[in-house]
Each structure stands twice: as C-alpha cells, then as structure tokens.
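Engineer: Dropping the structure in here first, questions after.
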Amino acid sequence: MLSALRRTTQLLNHLTTASKAYATTATMTDPSKYKFNHSMLRVKDPKASVKFYEHLGMSVVNKLEFPDNKFDLYFLAYDSPKAASHGSHWTDREGIIELTHNYGTENDDNYKPHNGNKEPQGFGHVCVSVDNIQAACKRISDAGYRFQKRLEDGRMRSIAFALDPDDYWVEIIAQNPVDQTEDVKETDLGTYRMNHTMVRIKDKDVSLKFYQEVMGMRLLRTSENTSANFNLYFLGYGPPAGEKSANGVNPTADREGLLELTWNYGTEKKEGKVYHDGNSEPQGFGHICVSVDNLEAACKRFEEKGVEWKKRLTDGRMKNVAFVLDPDSYWIEVIQNESLGKAPGKY
C-alpha cells in the first residue's frame, strides 16, 4: 500500500514538473522580437532574376544549395551602409526576397512561374520604396526592364509597377514627396527598402486577428478605398507608424519588412477558399517567413493558439523549420533568428 502511494506521488510530481516546464518553455518567446524575414518566389532562370534584383540595389546575402534535392535558394536584401539591416545575419533581417530555383527550369520552354495576378489570384506583389521615384523608374526602364504600370499611366502618378523576368509585379513607391523629385536626375540605391509583400485575403477580420494575435504583428496603417471597393492593411513588427509621413502620404514608406493584406469587399461572403496559395498548381509565390527568438518555444506558442500546421518542427527530416497556415492557406515559414539563439540543427 505504501509503495503504491509512493509511486503515485512520484508520478504526480513528475507530471507537475513536466507541466511547469512546458508552460515555462511556451512563454520563453517574445513576439516583439519576431521579424518578417522573407518572401519566397519561384524563378525560371536564377541568373536573370538575381541580375534584376541586383539592378534594384539588392545583394545576395545568403545562398543555400541542395543538389541532392535539385534546387537552390538565393536570399537577396539591401545591404549597403545605409541599409536598415546592413551587415546583419540573414535570419536577423527583414525585407529579404528568397528566389527558389528548381534545376532545369531555365531550359524548359514550357515552364513559367505563376505571378499571382493572373487567375487564379492570390499573391500580388513585392514593393520597393525609393528616394527619387522618377529617377528610379527611368533607371529601371533604361536598363530594358518592362513595366506593368509606369508612373504616367492611369490616375495614380505616385506609384509604378515594374516586372521582373518572371512577370512578378514589383511595386515602386516614393520615400519623398513626388512633386519635389520631378527634376532630380539621380537615385541612391543605398537608400532603397524592400518595403512590403502583398497578398489578397478573403475575410479582413479573420486575417487581421490572426496576424496580430497569433503572429504578433502590429497594424501600422489602413488605406480604405471605398469607391473602388477594397481596403489595404499594412502590418509589421517593430514600433508603431509615425504621425509624420516622409512622402506626404505614406508614414511607412521608409520601413522594411511589412505585410500588405488586400481585402476586396464581399469576398468574406463567398463559400470556400477564395484565393490561390501559390503552392498548388500553378505554382509561383511560395511563402512568407518569420524569424523568431526561440524556435521551439514559438512553435509551442503557435500550438497553444490553435494554428493549422503545414509542417511541424517534428515532421520530416528538417527539424529546424516549421510552416504555419494562415486563414487563406498561405504558408508562413518559421525559422530561428540565429542572432538571438541557436537553431535546432543547420538550416
């Protein structure tokens, strides 16, 4: 009898200790330290794509090769002395573009990544903010690159959309008042920022709650366009948006690593899935990625929040990366910020 009681007591003590340890580990992560690290795009020819983004002033800050799996990853970011994350480890940055190249696509006449703006829609664009937008757009045009929308097209004369070699849209916005840079002939690539990534969402309330309460982002800016039946929501990590606007319109134009959610009125009333996640056919955009302070603790926190997983840390061979699904089934990669801690294995 005494022996059985002792074993029961030991078991209860063990369960209590394990429960406390789990709770402690789950709270060992601080969402305010998270970073919107990168956005992934599949590309046909990495030489052409890297050349384009380097023309926009970006640099390859990391390259990962997986010859056994027949793909390579190129991570490009702004890294000049004036850049927001100059010299930082690639996992300790925001505003990276990851280009994924599957071997052989450059020689496949039938391969073309899906840009997300043709049907089926989902991903919309990445966006670069520049100092003098007229000079910046002229420099892109002079290099022979194409535009979806030039500055002079349409009613919106303060934004342009360049096309990369795979027809992904790259929005160009101004950091300075457009009416004050018309006669400026030079542009300083060192001041550019990879400002945001845009995806379309079905239900604004559901998505805003997810990105704020689960992913820990802050709603920085809302742009309501009632006459055109859509709203834009800009979220990110870091401080709130300032009251003053550098370009006279957009208080986040000089920021890096933002997420733009585009909500078209009425989509929340549609049945089933509305937007394409980019990973089912036709493929193009792959995922966004958040780097965290403590990968295991962050994933336990996400578990407590009831997220839907594409891949848990414990799934498969790669134990150092997880994928969460957002309300529209866009993939969100979760990795360790290696400047804040050691990843459980080499990524």
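Each chain of the structure tokens is named A, B, ... in the order shown, its residues numbered from 1; ligands are numbered from 1 in display order.
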Show me, as a PyMOL selection string, the residues that have an atom within 8 Å of range 152-159 of chain A when counting only C-alpha atoms, minus same-chain residues fewer than 2 positions from it.

Structural biologist: chain A and resi 133+149-150+161+171-174+178

Engineer: Could you pull out the residues in range 108-146 of chain A that DSSP calls helix (DSSP H, G or I) from the backbone, as an NGL selection string?

Structural biologist: :A and (133-142)

Engineer: Can you spit out the residues from that selection as a CSV table (one decimal), in the first residue's frame, using C-alpha atoms?

Structural biologist:
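selection-v9.csv written:
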```
chain,number,residue,atom,x,y,z
A,133,ILE,CA,10.8,57.8,-57.8
A,134,GLN,CA,11.1,59.4,-61.3
A,135,ALA,CA,14.8,58.9,-61.5
A,136,ALA,CA,14.5,55.3,-60.1
A,137,CYS,CA,11.8,54.4,-62.7
A,138,LYS,CA,13.9,55.9,-65.5
A,139,ARG,CA,16.9,53.9,-64.4
A,140,ILE,CA,14.8,50.6,-64.5
A,141,SER,CA,13.4,51.5,-67.9
A,142,ASP,CA,16.8,52.5,-69.3
```

Engineer: Using backbone DSSP assignments, extract all strand (DSSP E or B) residues from range 52-274 of chain A; output them as a VMD selection string.

Structural biologist: chain A and resid 59 to 66 71 to 77 96 to 102 114 123 to 130 147 to 149 160 to 163 169 to 174 193 to 201 218 to 225 230 to 236 258 to 264

Engineer: Find the residues around Lys47 in chain A up to 12 Å (only C-alpha atoms counted), leave out those fewer than 6 positions away in its own chain, and share them as a PyMOL selection string.

Structural biologist: chain A and resi 53-54+60+72+74+99-101+105-106+165-166

Engineer: Please report the interatomic distance between CA of Leu163 in chain A and CA of Phe147 in chain A in Å with one decimal.

Structural biologist: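 That distance, rounded to one decimal, is 5.2 Å.
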
Engineer: Could you check how far CA of Gly278 in chain A sits from CA of Trp309 in chain A, in Å to one decimal?

Structural biologist: 16.6 Å

Engineer: Please measure the separation of CA of Asp79 in chain A and CA of His114 in chain A, giving the value in Å to one decimal.

Structural biologist: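 Pair CA of Asp79 in chain A / CA of His114 in chain A returns 28.5 Å.
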
Engineer: Env of Asn264 in chain A: 10 Å cut, atoms = only C-alpha atoms, seq-sep filter 2 positions within chain, self excluded. Answer as JSON, numbers by chain.

Structural biologist: {"A": [200, 201, 202, 203, 204, 225, 226, 228, 229, 230, 231, 232, 261, 262, 266, 267, 268]}

Engineer: Please provide the set of residues having any atom within 12 Å of Ser339 in chain A, restricted to only C-alpha atoms, with same-chain residues fewer than 6 positions apart removed, written as a PyMOL selection string.

Structural biologist: chain A and resi 33-35+87-93+291-294

Engineer: Please provide as a list in words all residues within 12 Å of Pro67 in chain A, with the sequence filter that same-chain residues fewer than 6 positions apart are discarded (counting only C-alpha atoms).

Structural biologist: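 In the requested form, the answer reads Leu73, His101, Asn102, Tyr103 and Gly104 of chain A.
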
Engineer: Using only C-alpha atoms, which of A:Lys118, A:Gly316, A:Ser227, A:Phe36 sits nearest Asn195 in chain A?

Structural biologist: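 The closest residue to Asn195 in chain A is A:Phe36.
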
Engineer: Quick one: residues within 10 Å of range 206-214 of chain A, only C-alpha atoms counted, chain neighbours fewer than 2 positions away excluded, as a ChimeraX atom specification?

Structural biologist: /A:31,201-204,216-219,233-237,259,261,263,268,301-307,326-328

Engineer: Keeping only N, CA, C and O atoms, write the selected residues as a tab-separated table (two decimals), in the first residue's frame.

Structural biologist:
```tsv
chain	number	residue	atom	x	y	z
A	31	PRO	N	7.02	37.77	-29.02
A	31	PRO	CA	6.66	38.14	-30.40
A	31	PRO	C	7.18	39.51	-30.82
A	31	PRO	O	7.32	39.76	-32.03
A	201	ILE	N	-6.72	38.64	-49.31
A	201	ILE	CA	-7.34	37.87	-48.24
A	201	ILE	C	-8.85	37.83	-48.42
A	201	ILE	O	-9.45	38.75	-48.99
A	202	LYS	N	-9.46	36.78	-47.90
A	202	LYS	CA	-10.91	36.60	-48.03
A	202	LYS	C	-11.67	37.42	-47.00
A	202	LYS	O	-12.62	38.13	-47.34
A	203	ASP	N	-11.27	37.33	-45.72
A	203	ASP	CA	-12.02	37.95	-44.63
A	203	ASP	C	-11.07	38.81	-43.80
A	203	ASP	O	-10.19	38.29	-43.11
A	204	LYS	N	-11.24	40.12	-43.86
A	204	LYS	CA	-10.31	41.03	-43.19
A	204	LYS	C	-10.29	40.82	-41.68
A	204	LYS	O	-9.22	40.88	-41.06
A	216	GLY	N	1.72	38.01	-33.91
A	216	GLY	CA	2.31	39.08	-33.11
A	216	GLY	C	2.64	40.34	-33.85
A	216	GLY	O	3.41	41.18	-33.37
A	217	MET	N	2.07	40.52	-35.05
A	217	MET	CA	2.32	41.74	-35.81
A	217	MET	C	1.48	42.89	-35.30
A	217	MET	O	0.52	42.71	-34.56
A	218	ARG	N	1.85	44.08	-35.72
A	218	ARG	CA	1.14	45.31	-35.34
A	218	ARG	C	0.49	45.90	-36.59
A	218	ARG	O	1.13	45.96	-37.65
A	219	LEU	N	-0.77	46.33	-36.48
A	219	LEU	CA	-1.41	47.03	-37.59
A	219	LEU	C	-0.86	48.44	-37.64
A	219	LEU	O	-1.08	49.24	-36.73
A	233	TYR	N	-4.38	46.81	-45.68
A	233	TYR	CA	-3.95	46.81	-44.28
A	233	TYR	C	-2.46	46.47	-44.25
A	233	TYR	O	-2.05	45.42	-44.78
A	234	PHE	N	-1.67	47.33	-43.62
A	234	PHE	CA	-0.23	47.13	-43.55
A	234	PHE	C	0.16	46.75	-42.12
A	234	PHE	O	-0.11	47.49	-41.18
A	235	LEU	N	0.79	45.58	-42.00
A	235	LEU	CA	1.19	45.08	-40.69
A	235	LEU	C	2.69	44.81	-40.67
A	235	LEU	O	3.31	44.56	-41.70
A	236	GLY	N	3.25	44.84	-39.47
A	236	GLY	CA	4.67	44.53	-39.34
A	236	GLY	C	5.09	44.47	-37.89
A	236	GLY	O	4.29	44.71	-36.97
A	237	TYR	N	6.33	44.14	-37.68
A	237	TYR	CA	6.91	44.15	-36.35
A	237	TYR	C	7.61	45.49	-36.13
A	237	TYR	O	7.79	46.27	-37.05
A	259	LEU	N	3.80	43.56	-44.27
A	259	LEU	CA	2.86	42.68	-44.96
A	259	LEU	C	1.63	43.49	-45.31
A	259	LEU	O	1.00	44.10	-44.43
A	261	LEU	N	-2.13	43.33	-46.62
A	261	LEU	CA	-3.29	42.48	-46.86
A	261	LEU	C	-4.29	43.28	-47.67
A	261	LEU	O	-4.72	44.36	-47.26
A	263	TRP	N	-8.01	43.43	-49.13
A	263	TRP	CA	-9.35	42.86	-48.96
A	263	TRP	C	-10.31	43.52	-49.93
A	263	TRP	O	-10.55	44.73	-49.89
A	268	GLU	N	-15.61	37.93	-48.19
A	268	GLU	CA	-15.86	37.16	-46.96
A	268	GLU	C	-17.18	36.41	-47.00
A	268	GLU	O	-17.41	35.47	-46.23
A	301	ARG	N	4.01	28.08	-28.67
A	301	ARG	CA	3.04	29.18	-28.54
A	301	ARG	C	2.01	29.12	-29.67
A	301	ARG	O	0.81	29.28	-29.44
A	302	PHE	N	2.46	28.89	-30.90
A	302	PHE	CA	1.53	28.76	-32.01
A	302	PHE	C	0.57	27.60	-31.79
A	302	PHE	O	-0.61	27.68	-32.11
A	303	GLU	N	1.10	26.50	-31.25
A	303	GLU	CA	0.26	25.35	-30.95
A	303	GLU	C	-0.84	25.72	-29.96
A	303	GLU	O	-2.01	25.35	-30.13
A	304	GLU	N	-0.48	26.48	-28.95
A	304	GLU	CA	-1.46	26.92	-27.95
A	304	GLU	C	-2.51	27.85	-28.56
A	304	GLU	O	-3.65	27.90	-28.09
A	305	LYS	N	-2.10	28.57	-29.60
A	305	LYS	CA	-3.03	29.47	-30.28
A	305	LYS	C	-3.95	28.73	-31.24
A	305	LYS	O	-4.86	29.32	-31.83
A	306	GLY	N	-3.72	27.42	-31.41
A	306	GLY	CA	-4.59	26.61	-32.25
A	306	GLY	C	-4.36	26.76	-33.74
A	306	GLY	O	-5.30	26.60	-34.53
A	307	VAL	N	-3.11	27.01	-34.15
A	307	VAL	CA	-2.84	27.20	-35.58
A	307	VAL	C	-3.03	25.90	-36.34
A	307	VAL	O	-2.96	24.80	-35.77
A	326	ASP	N	-1.98	30.33	-42.74
A	326	ASP	CA	-2.82	31.45	-42.31
A	326	ASP	C	-4.27	31.16	-42.73
A	326	ASP	O	-4.57	30.11	-43.31
A	327	PRO	N	-5.23	32.05	-42.44
A	327	PRO	CA	-6.64	31.75	-42.74
A	327	PRO	C	-6.95	31.50	-44.21
A	327	PRO	O	-7.96	30.88	-44.53
A	328	ASP	N	-6.09	32.00	-45.11
A	328	ASP	CA	-6.29	31.77	-46.54
A	328	ASP	C	-5.38	30.66	-47.07
A	328	ASP	O	-5.25	30.50	-48.29
```

Engineer: Kindly indicate which residue among A:Gly341, A:Gly95, A:Pro81, A:Pro120 lies nearest to Arg255 in chain A, using only C-alpha atoms for the distances.

Structural biologist: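 Ranked by minimum distance to Arg255 in chain A, first place goes to A:Gly95.
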
Engineer: Using only C-alpha atoms for the distances, tell me which of A:Asn132, A:Asp277, A:Thr314, A:Met215 is nearest to Thr29 in chain A.

Structural biologist: A:Met215
